[in-house]
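To be precise, the following lines are target.cif, and they hold mmCIF, C-alpha atoms.
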data_query
loop_
_atom_site.label_atom_id
_atom_site.label_comp_id
_atom_site.auth_asym_id
_atom_site.auth_seq_id
_atom_site.Cartn_x
_atom_site.Cartn_y
_atom_site.Cartn_z
CA MET A 1 61.16 126.92 178.07
CA THR A 2 64.76 127.42 179.22
CA ALA A 3 67.35 128.97 176.93
CA PRO A 4 69.87 126.30 175.86
CA ASN A 5 72.99 127.82 177.42
CA ASP A 6 71.59 129.51 180.47
CA ASP A 7 74.58 130.19 182.68
CA THR A 8 72.95 132.17 185.46
CA PRO A 9 74.78 131.29 188.69
CA SER A 10 72.67 129.35 191.16
CA GLY A 11 71.76 131.01 194.42
CA SER A 12 71.07 134.34 192.75
CA SER A 13 67.37 134.16 193.45
CA PRO A 14 66.27 136.86 195.88
CA SER A 15 64.17 134.39 197.86
CA GLY A 16 67.04 131.95 198.33
CA SER A 17 65.10 129.20 196.54
CA ALA A 18 66.05 127.99 193.03
CA PRO A 19 65.32 130.73 190.46
CA SER A 20 62.37 130.15 188.14
CA ASP A 21 62.80 129.94 184.37
CA SER A 22 61.49 133.48 184.06
CA GLU A 23 63.86 134.84 186.71
CA ARG A 24 66.83 133.18 185.04
CA HIS A 25 65.73 134.51 181.67
CA ASN A 26 65.26 138.02 182.99
CA THR A 27 68.69 138.04 184.65
CA LYS A 28 70.29 136.79 181.45
CA MET A 29 68.53 139.44 179.36
CA ALA A 30 69.59 142.17 181.82
CA ARG A 31 73.22 141.09 181.39
CA LYS A 32 72.82 141.04 177.60
CA LYS A 33 71.39 144.54 177.63
CA GLN A 34 74.25 145.77 179.83
CA ALA A 35 76.86 144.25 177.47
CA ARG A 36 75.11 145.67 174.42
CA ASP A 37 74.78 149.17 175.93
CA LYS A 38 78.50 149.10 176.75
CA ILE A 39 79.42 148.18 173.16
CA MET A 40 77.08 150.78 171.68
CA ALA A 41 78.62 153.51 173.88
CA THR A 42 81.98 153.02 172.10
CA LYS A 43 80.39 153.68 168.67
CA THR A 44 80.46 157.43 168.54
CA ASN A 45 81.68 158.36 165.07
CA GLU A 46 79.54 159.31 162.11
CA LYS A 47 80.67 159.32 158.52
CA GLY A 48 79.33 158.79 155.06
CA LEU A 49 79.70 155.12 154.21
CA THR A 50 80.51 153.26 151.04
CA ILE A 51 78.07 150.35 151.16
CA VAL A 52 78.12 147.31 148.86
CA HIS A 53 75.37 144.70 148.38
CA THR A 54 76.57 141.75 146.34
CA GLY A 55 76.13 137.99 145.93
CA LYS A 56 73.89 135.74 143.86
CA GLY A 57 70.91 135.93 146.18
CA LYS A 58 67.86 138.16 146.04
CA GLY A 59 67.43 141.38 147.97
CA LYS A 60 70.53 143.35 146.94
CA SER A 61 68.54 146.14 145.30
CA SER A 62 65.51 145.81 147.57
CA ALA A 63 67.59 146.23 150.70
CA ALA A 64 69.24 149.28 149.13
CA PHE A 65 65.85 150.72 148.25
CA GLY A 66 64.86 150.03 151.86
CA MET A 67 67.61 152.46 152.93
CA ILE A 68 66.40 154.98 150.35
CA PHE A 69 62.88 154.66 151.80
CA ARG A 70 64.31 155.23 155.28
CA CYS A 71 65.96 158.44 154.06
CA ILE A 72 62.67 159.53 152.51
CA ALA A 73 60.86 158.70 155.76
CA HIS A 74 63.29 160.96 157.62
CA GLY A 75 62.91 163.75 155.05
CA LEU A 76 66.52 163.41 153.86
CA PRO A 77 67.19 164.15 150.17
CA CYS A 78 68.59 161.18 148.27
CA GLY A 79 69.16 159.95 144.75
CA VAL A 80 69.06 156.76 142.69
CA VAL A 81 70.86 155.96 139.44
CA GLN A 82 69.81 152.67 137.86
CA PHE A 83 72.65 151.36 135.71
CA ILE A 84 70.65 148.43 134.40
CA LYS A 85 67.02 148.88 133.52
CA GLY A 86 65.48 145.47 133.98
CA GLY A 87 62.18 145.20 132.13
CA MET A 88 60.44 144.27 135.34
CA ASP A 89 61.36 145.59 138.73
CA THR A 90 59.83 149.00 138.28
CA GLY A 91 57.78 148.89 141.48
CA GLU A 92 60.13 150.92 143.63
CA ARG A 93 60.69 153.46 140.87
CA THR A 94 56.97 153.97 140.36
CA LEU A 95 56.40 154.43 144.07
CA ILE A 96 59.22 156.95 144.40
CA THR A 97 58.46 158.99 141.30
CA ASP A 98 54.71 159.03 142.07
CA HIS A 99 54.98 159.97 145.73
CA PHE A 100 58.41 161.24 146.69
CA ALA A 101 59.89 162.93 143.63
CA GLY A 102 60.62 166.01 145.74
CA LEU A 103 62.91 164.08 148.08
CA CYS A 104 64.43 161.44 145.81
CA ASP A 105 65.88 162.07 142.37
CA PHE A 106 65.56 159.03 140.17
CA HIS A 107 67.54 158.40 137.00
CA THR A 108 67.32 155.26 134.91
CA MET A 109 69.86 154.56 132.23
CA GLY A 110 67.97 154.90 128.95
CA GLU A 111 68.70 151.45 127.54
CA GLY A 112 67.63 147.99 128.67
CA PHE A 113 69.78 145.26 130.13
CA THR A 114 72.80 144.35 128.11
CA TRP A 115 71.46 141.05 126.79
CA GLU A 116 68.26 142.78 125.77
CA THR A 117 70.02 145.39 123.64
CA GLN A 118 72.99 143.49 122.19
CA ASP A 119 74.72 146.69 121.26
CA ARG A 120 77.94 147.16 123.21
CA GLU A 121 78.63 150.68 121.91
CA ARG A 122 75.21 151.86 122.97
CA ASP A 123 75.54 150.13 126.37
CA ILE A 124 78.87 151.86 127.00
CA ALA A 125 77.45 155.26 126.07
CA ALA A 126 74.45 154.73 128.35
CA ALA A 127 76.60 153.51 131.26
CA SER A 128 78.94 156.49 130.88
CA ALA A 129 76.00 158.88 130.94
CA ALA A 130 74.67 157.14 134.07
CA TRP A 131 78.07 157.43 135.74
CA ASP A 132 78.23 161.16 134.88
CA LYS A 133 74.82 161.57 136.53
CA ALA A 134 76.02 159.59 139.55
CA LYS A 135 79.11 161.80 139.96
CA GLN A 136 77.01 164.93 139.72
CA MET A 137 74.65 163.69 142.46
CA ILE A 138 77.41 162.46 144.78
CA ARG A 139 79.31 165.75 144.47
CA ASP A 140 76.20 167.63 145.64
CA PRO A 141 76.36 167.52 149.47
CA ARG A 142 72.61 168.11 149.62
CA TYR A 143 72.14 164.36 149.01
CA HIS A 144 72.27 162.24 152.16
CA MET A 145 72.51 158.98 150.20
CA VAL A 146 73.05 158.04 146.56
CA LEU A 147 72.20 154.54 145.33
CA LEU A 148 74.10 153.26 142.28
CA ASP A 149 71.82 150.33 141.48
CA GLU A 150 73.42 147.42 139.57
CA ILE A 151 76.59 149.42 138.94
CA ASN A 152 78.56 146.19 139.57
CA ILE A 153 77.16 144.79 136.30
CA ALA A 154 78.39 147.81 134.36
CA LEU A 155 81.79 147.51 136.05
CA ARG A 156 81.96 143.77 135.39
CA TYR A 157 81.37 144.28 131.65
CA GLY A 158 83.92 147.08 131.55
CA TYR A 159 81.30 149.66 130.55
CA ILE A 160 82.77 152.00 133.13
CA GLU A 161 86.24 151.87 134.65
CA LEU A 162 86.63 150.47 138.16
CA ASP A 163 89.72 152.59 138.85
CA GLU A 164 87.83 155.75 138.04
CA VAL A 165 84.94 154.81 140.33
CA LEU A 166 87.29 153.96 143.22
CA ALA A 167 89.30 157.17 142.79
CA PHE A 168 86.13 159.24 142.66
CA LEU A 169 84.70 157.69 145.84
CA ARG A 170 88.03 158.18 147.62
CA ASP A 171 88.74 161.75 146.47
CA GLU A 172 85.44 163.42 145.70
CA LYS A 173 82.68 161.87 147.79
CA PRO A 174 81.65 164.40 150.47
CA GLU A 175 82.53 163.09 153.93
CA MET A 176 78.96 162.62 155.15
CA THR A 177 77.40 161.19 151.98
CA HIS A 178 76.45 157.51 151.92
CA VAL A 179 76.94 155.77 148.57
CA VAL A 180 75.36 152.35 148.00
CA LEU A 181 76.61 150.14 145.16
CA THR A 182 74.68 146.99 144.25
CA GLY A 183 74.96 144.05 141.89
CA ARG A 184 76.48 140.60 141.88
CA ASN A 185 80.20 140.01 141.35
CA ALA A 186 81.40 143.12 143.19
CA ALA A 187 85.09 143.69 142.42
CA GLU A 188 87.51 142.76 145.20
CA ALA A 189 89.03 146.26 145.11
CA LEU A 190 85.57 147.75 145.67
CA ILE A 191 84.96 145.43 148.63
CA ASP A 192 88.34 146.46 150.04
CA ALA A 193 87.44 150.13 149.70
CA ALA A 194 83.93 149.79 151.19
CA ASP A 195 82.90 150.31 154.81
CA LEU A 196 79.89 148.00 154.89
CA VAL A 197 79.58 144.94 152.68
CA THR A 198 76.74 142.43 152.68
CA GLU A 199 76.60 139.31 150.54
CA MET A 200 73.18 137.96 149.66
CA SER A 201 73.47 134.19 149.07
CA LEU A 202 70.93 132.04 147.35
CA VAL A 203 69.96 129.18 149.64
CA LYS A 204 66.87 128.06 147.77
CA HIS A 205 64.97 129.53 144.80
CA PRO A 206 61.55 128.56 143.44
CA PHE A 207 62.70 129.03 139.80
CA ARG A 208 64.19 125.58 140.27
CA SER A 209 60.67 124.24 140.79
CA GLY A 210 59.28 125.93 137.66
CA ILE A 211 57.78 128.92 139.45
CA LYS A 212 57.92 132.08 137.38
CA ALA A 213 58.78 135.62 138.48
CA GLN A 214 55.77 136.99 140.34
CA ILE A 215 54.32 140.43 140.97
CA GLY A 216 55.31 141.82 144.36
CA VAL A 217 58.13 139.31 144.78
CA GLU A 218 60.42 139.86 141.80
CA PHE A 219 58.93 143.05 140.39
CA MET B 1 87.48 145.51 126.56
CA THR B 2 86.86 141.86 125.85
CA ALA B 3 84.93 139.73 128.30
CA PRO B 4 87.32 137.30 130.03
CA ASN B 5 85.85 134.06 128.75
CA ASP B 6 84.62 135.07 125.33
CA ASP B 7 84.04 131.82 123.51
CA THR B 8 82.55 133.10 120.25
CA PRO B 9 83.79 130.80 117.47
CA SER B 10 86.16 132.52 115.07
CA GLY B 11 85.00 133.03 111.49
CA SER B 12 81.51 134.03 112.61
CA SER B 13 81.90 137.58 111.34
CA PRO B 14 79.59 138.33 108.40
CA SER B 15 82.40 140.11 106.51
CA GLY B 16 84.73 137.10 106.73
CA SER B 17 87.35 139.19 108.57
CA ALA B 18 88.06 138.72 112.30
CA PRO B 19 85.09 139.97 114.34
CA SER B 20 85.57 143.17 116.28
CA ASP B 21 85.23 143.26 120.05
CA SER B 22 81.79 144.78 119.68
CA GLU B 23 80.65 142.16 117.19
CA ARG B 24 81.86 139.36 119.44
CA HIS B 25 80.18 140.97 122.41
CA ASN B 26 76.91 141.42 120.57
CA THR B 27 76.90 137.80 119.36
CA LYS B 28 77.61 136.58 122.87
CA MET B 29 74.86 138.74 124.34
CA ALA B 30 72.39 137.51 121.70
CA ARG B 31 73.18 133.93 122.72
CA LYS B 32 72.77 134.81 126.39
CA LYS B 33 69.40 136.39 125.72
CA GLN B 34 68.29 133.32 123.74
CA ALA B 35 69.33 130.99 126.58
CA ARG B 36 67.64 133.20 129.16
CA ASP B 37 64.40 133.48 127.18
CA LYS B 38 64.35 129.69 126.83
CA ILE B 39 64.77 129.18 130.57
CA MET B 40 62.13 131.80 131.41
CA ALA B 41 59.62 130.12 129.07
CA THR B 42 59.71 127.01 131.28
CA LYS B 43 58.73 129.02 134.37
CA THR B 44 54.99 129.13 134.04
CA ASN B 45 53.58 128.37 137.47
CA GLU B 46 52.43 130.89 140.02
CA LYS B 47 51.93 130.23 143.69
CA GLY B 48 52.14 131.96 147.01
CA LEU B 49 55.63 131.53 148.35
CA THR B 50 57.04 131.05 151.79
CA ILE B 51 60.08 133.33 151.76
CA VAL B 52 62.83 133.44 154.40
CA HIS B 53 65.52 136.12 154.87
CA THR B 54 68.12 135.04 157.40
CA GLY B 55 71.82 135.35 158.21
CA LYS B 56 73.93 137.74 160.26
CA GLY B 57 74.20 140.43 157.58
CA LYS B 58 72.14 143.56 157.09
CA GLY B 59 69.20 143.87 154.74
CA LYS B 60 66.95 141.03 155.87
CA SER B 61 64.12 143.33 156.91
CA SER B 62 64.89 146.04 154.34
CA ALA B 63 64.72 143.60 151.45
CA ALA B 64 61.43 142.28 152.82
CA PHE B 65 60.08 145.83 153.10
CA GLY B 66 61.25 146.31 149.50
CA MET B 67 58.81 143.57 148.48
CA ILE B 68 56.08 145.20 150.57
CA PHE B 69 56.77 148.49 148.76
CA ARG B 70 56.53 146.66 145.43
CA CYS B 71 53.10 145.31 146.43
CA ILE B 72 52.05 148.83 147.43
CA ALA B 73 53.35 150.18 144.11
CA HIS B 74 51.20 147.62 142.28
CA GLY B 75 48.15 148.44 144.42
CA LEU B 76 48.14 145.00 146.09
CA PRO B 77 46.93 144.83 149.70
CA CYS B 78 49.56 143.55 152.11
CA GLY B 79 50.33 143.38 155.81
CA VAL B 80 53.25 143.59 158.21
CA VAL B 81 53.55 142.19 161.71
CA GLN B 82 56.68 143.28 163.56
CA PHE B 83 57.55 140.67 166.18
CA ILE B 84 60.43 142.70 167.62
CA LYS B 85 60.08 146.41 167.99
CA GLY B 86 63.61 147.74 167.81
CA GLY B 87 63.81 151.22 169.24
CA MET B 88 65.24 152.49 165.98
CA ASP B 89 64.28 151.22 162.57
CA THR B 90 60.94 152.96 162.43
CA GLY B 91 61.55 154.59 159.04
CA GLU B 92 59.65 152.08 156.95
CA ARG B 93 56.78 151.98 159.41
CA THR B 94 56.44 155.76 159.41
CA LEU B 95 56.46 155.86 155.63
CA ILE B 96 53.83 153.13 155.32
CA THR B 97 51.50 154.38 158.04
CA ASP B 98 51.75 158.00 156.83
CA HIS B 99 51.24 157.32 153.13
CA PHE B 100 49.90 153.83 152.44
CA ALA B 101 47.79 152.84 155.43
CA GLY B 102 44.93 151.97 153.05
CA LEU B 103 47.00 149.33 151.26
CA CYS B 104 49.25 148.00 153.99
CA ASP B 105 48.13 147.03 157.49
CA PHE B 106 50.90 147.48 159.99
CA HIS B 107 51.03 145.88 163.43
CA THR B 108 53.90 146.23 165.85
CA MET B 109 54.13 144.02 168.87
CA GLY B 110 53.50 146.30 171.83
CA GLU B 111 56.69 145.62 173.74
CA GLY B 112 60.33 146.40 172.94
CA PHE B 113 63.09 143.98 172.13
CA THR B 114 63.58 141.21 174.60
CA TRP B 115 66.74 142.58 176.19
CA GLU B 116 65.09 145.94 176.59
CA THR B 117 62.13 144.57 178.53
CA GLN B 118 63.67 141.75 180.58
CA ASP B 119 60.29 140.25 181.28
CA ARG B 120 59.88 136.85 179.69
CA GLU B 121 56.21 136.46 180.59
CA ARG B 122 55.36 139.78 178.97
CA ASP B 123 57.47 138.94 175.89
CA ILE B 124 55.64 135.62 175.46
CA ALA B 125 52.25 137.30 175.78
CA ALA B 126 53.22 139.96 173.23
CA ALA B 127 54.66 137.41 170.77
CA SER B 128 51.52 135.27 171.05
CA ALA B 129 49.33 138.29 170.35
CA ALA B 130 51.51 139.14 167.31
CA TRP B 131 51.22 135.56 166.04
CA ASP B 132 47.42 135.67 166.45
CA LYS B 133 47.39 138.86 164.37
CA ALA B 134 49.66 137.21 161.78
CA LYS B 135 47.35 134.20 161.46
CA GLN B 136 44.33 136.45 161.06
CA MET B 137 46.02 138.38 158.23
CA ILE B 138 47.36 135.31 156.44
CA ARG B 139 43.95 133.59 156.55
CA ASP B 140 42.40 136.61 154.79
CA PRO B 141 42.96 135.98 151.06
CA ARG B 142 42.63 139.70 150.40
CA TYR B 143 46.29 140.08 151.41
CA HIS B 144 48.76 139.46 148.59
CA MET B 145 51.73 139.34 150.95
CA VAL B 146 52.21 139.22 154.72
CA LEU B 147 55.59 140.06 156.27
CA LEU B 148 56.39 138.51 159.66
CA ASP B 149 59.32 140.72 160.53
CA GLU B 150 61.88 139.27 162.97
CA ILE B 151 59.65 136.27 163.74
CA ASN B 152 62.79 134.11 163.75
CA ILE B 153 63.88 135.85 166.97
CA ALA B 154 60.57 135.02 168.66
CA LEU B 155 60.87 131.41 167.44
CA ARG B 156 64.48 131.18 168.60
CA TYR B 157 63.56 132.25 172.13
CA GLY B 158 60.64 129.85 172.19
CA TYR B 159 58.10 132.68 172.54
CA ILE B 160 56.02 131.01 169.84
CA GLU B 161 56.11 127.37 168.79
CA LEU B 162 57.90 126.47 165.56
CA ASP B 163 55.71 123.41 164.98
CA GLU B 164 52.60 125.54 165.16
CA VAL B 165 53.96 128.07 162.67
CA LEU B 166 55.01 125.34 160.23
CA ALA B 167 51.67 123.53 160.48
CA PHE B 168 49.80 126.79 159.96
CA LEU B 169 51.79 127.75 156.86
CA ARG B 170 51.33 124.24 155.45
CA ASP B 171 47.61 123.82 156.20
CA GLU B 172 46.04 127.27 156.37
CA LYS B 173 47.99 129.68 154.17
CA PRO B 174 45.87 130.47 151.08
CA GLU B 175 47.54 129.11 147.96
CA MET B 176 48.35 132.49 146.39
CA THR B 177 49.49 134.38 149.51
CA HIS B 178 53.18 135.15 149.92
CA VAL B 179 54.47 135.01 153.48
CA VAL B 180 57.89 136.50 154.28
CA LEU B 181 59.67 135.52 157.51
CA THR B 182 62.79 137.42 158.57
CA GLY B 183 65.42 137.30 161.28
CA ARG B 184 68.74 135.64 161.93
CA ASN B 185 69.03 131.98 162.95
CA ALA B 186 66.09 130.72 160.91
CA ALA B 187 65.24 127.18 162.04
CA GLU B 188 66.34 124.37 159.70
CA ALA B 189 62.79 123.04 159.52
CA LEU B 190 61.57 126.47 158.39
CA ILE B 191 64.25 126.60 155.69
CA ASP B 192 63.21 123.12 154.57
CA ALA B 193 59.59 124.21 154.34
CA ALA B 194 60.30 127.50 152.51
CA ASP B 195 60.27 128.10 148.73
CA LEU B 196 62.74 130.97 148.59
CA VAL B 197 65.54 131.41 151.11
CA THR B 198 68.18 134.12 151.08
CA GLU B 199 71.03 134.38 153.55
CA MET B 200 72.46 137.82 154.20
CA SER B 201 76.11 137.45 155.27
CA LEU B 202 78.18 140.10 156.95
CA VAL B 203 81.33 140.64 154.92
CA LYS B 204 82.41 143.89 156.55
CA HIS B 205 80.72 146.20 159.07
CA PRO B 206 81.72 149.71 160.13
CA PHE B 207 80.77 149.05 163.78
CA ARG B 208 84.15 147.36 163.93
CA SER B 209 85.74 150.74 163.17
CA GLY B 210 83.77 152.56 165.89
CA ILE B 211 81.12 153.97 163.56
CA LYS B 212 77.72 154.22 165.23
CA ALA B 213 74.30 153.39 163.78
CA GLN B 214 73.34 156.20 161.42
CA ILE B 215 70.10 157.70 160.19
CA GLY B 216 69.06 156.37 156.79
CA VAL B 217 71.44 153.42 157.04
CA GLU B 218 70.41 151.54 160.17
CA PHE B 219 67.14 153.32 160.97
#

When written as structure tokens, how does the structure in this file appear?
Amino acid sequence: MTAPNDDTPSGSSPSGSAPSDSERHNTKMARKKQARDKIMATKTNEKGLTIVHTGKGKGKSSAAFGMIFRCIAHGLPCGVVQFIKGGMDTGERTLITDHFAGLCDFHTMGEGFTWETQDRERDIAAASAAWDKAKQMIRDPRYHMVLLDEINIALRYGYIELDEVLAFLRDEKPEMTHVVLTGRNAAEALIDAADLVTEMSLVKHPFRSGIKAQIGVEF
Amino acid sequence: MTAPNDDTPSGSSPSGSAPSDSERHNTKMARKKQARDKIMATKTNEKGLTIVHTGKGKGKSSAAFGMIFRCIAHGLPCGVVQFIKGGMDTGERTLITDHFAGLCDFHTMGEGFTWETQDRERDIAAASAAWDKAKQMIRDPRYHMVLLDEINIALRYGYIELDEVLAFLRDEKPEMTHVVLTGRNAAEALIDAADLVTEMSLVKHPFRSGIKAQIGVEF
């Protein structure tokens, strides 16, 4: 099968005959590799990143936990603060606290999700305590990465102040620490301040066909 | 702080006086919870899903591995076939093979990424072998979830046939098995056939500022 936009010049075959599909493909791939290697050679800086996962789609927290698992795999200390304790997606937490508590510190805000508790004062107190914990972890340069899971929800409801979070990340985050902030409706000012932003969009969801949340998929 | 579109009717305060911010918030949250509980009650079906993570953004594979880690956390057998072996993102694989080999079977296609090998015949042979392994795992109802990581790349290059993959998922996938397919440029026909599709979009990437791939973030 020939790639759709194969632009290998004719006459490049070593034998002088028309190049085969495989020869054309191999030449094209060699050029791609050369171009890629050249681009990668210009990327030489390292720094701690502010990373945002937002959007209405799935995978914001899971992809962030994937980075936490990578840190764990490399033996790098990391931390997680969960700003919203959903009743359900406790899988990652269980796995981390059961197996990797020595490498990853895990803190879950004491109260449930805001529409489970219906007590704004208590939600604000819990979010503030979670943010205090987050600041403490981020200030400690021992942590390679700190995940602030669902912090965008707490910011959106005004449980913690966006300006304070932005100022803290700008002024107090150690240079090499990665901080990951997840949750839908990320504030524009946070996106502006971030280095790496991914939006997860919902293309199709089985809830619309009456399928319930399932073990291993949603929790 | 009052939520921007607070539509609690006035006069709903039990004391007869104007409701406080907290009272309004609590009432609103109670209504949200009621609406959410009602929606959730209609979601009663369970079935194995075909799940696609696509788009140019980060997190496609990490979010899929997050689901694999959830299965592991729940003690559910699962499997991973990596169709493209990047030189770098080996963190998840290391973690799984070191700690959870009993629960998660992990198979990596023997060869490197296509522009590293530059040998189309070898790439096709390796992709076909990976697809055979994938079929074997999916057919075995013992597996709760099977992740076909970066299969969209192999499909895009024509290393395996889309029609064959679609027919297999339709006719041979056990009803309760979840299959997750990742990689950019997912085929339209695959999206049509899938139950749950998420697109990861790149909003901002630090490569553009000369930052290189970093441990814990990209690998």

May I have the residues at most 8 Å from (72.9, 142.3, 156.8) in the file's coordinates, counting all atoms listed in the file, as a VMD selection string?
(chain A and resid 198 to 199) or (chain B and resid 55 to 60 200 to 202)

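If you measure from each of B:Ala189, B:Val203, B:Leu147, B:Met176 to chain A using only C-alpha atoms, the closest one turns out to be B:Val203.
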
Starting from the PyMOL selection byres ((chain A) within 6 of (chain B)), expand the selection into actual residues of this file and give them as a ChimeraX atom specification.
/A:22,26,29,33,43-46,57,59,62-63,66-67,70-71,73,91-92,95,115,118-120,195-206,210-212,216-217

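Atom CA of Val81 of chain B is positioned 16.3 Å from atom CA of Pro141 of chain B.
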
Any idea what the distance is between atom CA of Glu175 of chain A and atom CA of Arg139 of chain A?
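Separation between atom CA of Glu175 of chain A and atom CA of Arg139 of chain A: 10.3 Å.
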
For the atom pair atom CA of Leu103 of chain B and atom CA of Tyr143 of chain B, what is the interatomic distance in Å to one decimal place?
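Computed distance, atom CA of Leu103 of chain B to atom CA of Tyr143 of chain B, equals 9.3 Å.
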
Could you state which residues are captured by the PyMOL selection byres ((chain A and resi 186) around 6) in this file, as a list in words?
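Checking the PyMOL selection byres ((chain A and resi 186) around 6) against this file, the residues are Thr54, Asn152, Arg184, Asn185 and Ala187 of chain A.
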
The PyMOL selection byres ((chain B and resi 80) around 8) resolved against shown file, as a PyMOL selection string:
chain B and resi 78-79+81-82+104-107+146-149

Selection file, C-alpha atoms, as a PDB file, in the coordinates of the input:
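See part.pdb below for the written result:
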ATOM      1  CA  CYS B  78      49.560 143.550 152.110  1.00  0.00           C
ATOM      2  CA  GLY B  79      50.330 143.380 155.810  1.00  0.00           C
ATOM      3  CA  VAL B  81      53.550 142.190 161.710  1.00  0.00           C
ATOM      4  CA  GLN B  82      56.680 143.280 163.560  1.00  0.00           C
ATOM      5  CA  CYS B 104      49.250 148.000 153.990  1.00  0.00           C
ATOM      6  CA  ASP B 105      48.130 147.030 157.490  1.00  0.00           C
ATOM      7  CA  PHE B 106      50.900 147.480 159.990  1.00  0.00           C
ATOM      8  CA  HIS B 107      51.030 145.880 163.430  1.00  0.00           C
ATOM      9  CA  VAL B 146      52.210 139.220 154.720  1.00  0.00           C
ATOM     10  CA  LEU B 147      55.590 140.060 156.270  1.00  0.00           C
ATOM     11  CA  LEU B 148      56.390 138.510 159.660  1.00  0.00           C
ATOM     12  CA  ASP B 149      59.320 140.720 160.530  1.00  0.00           C
TER      13      ASP B 149
END
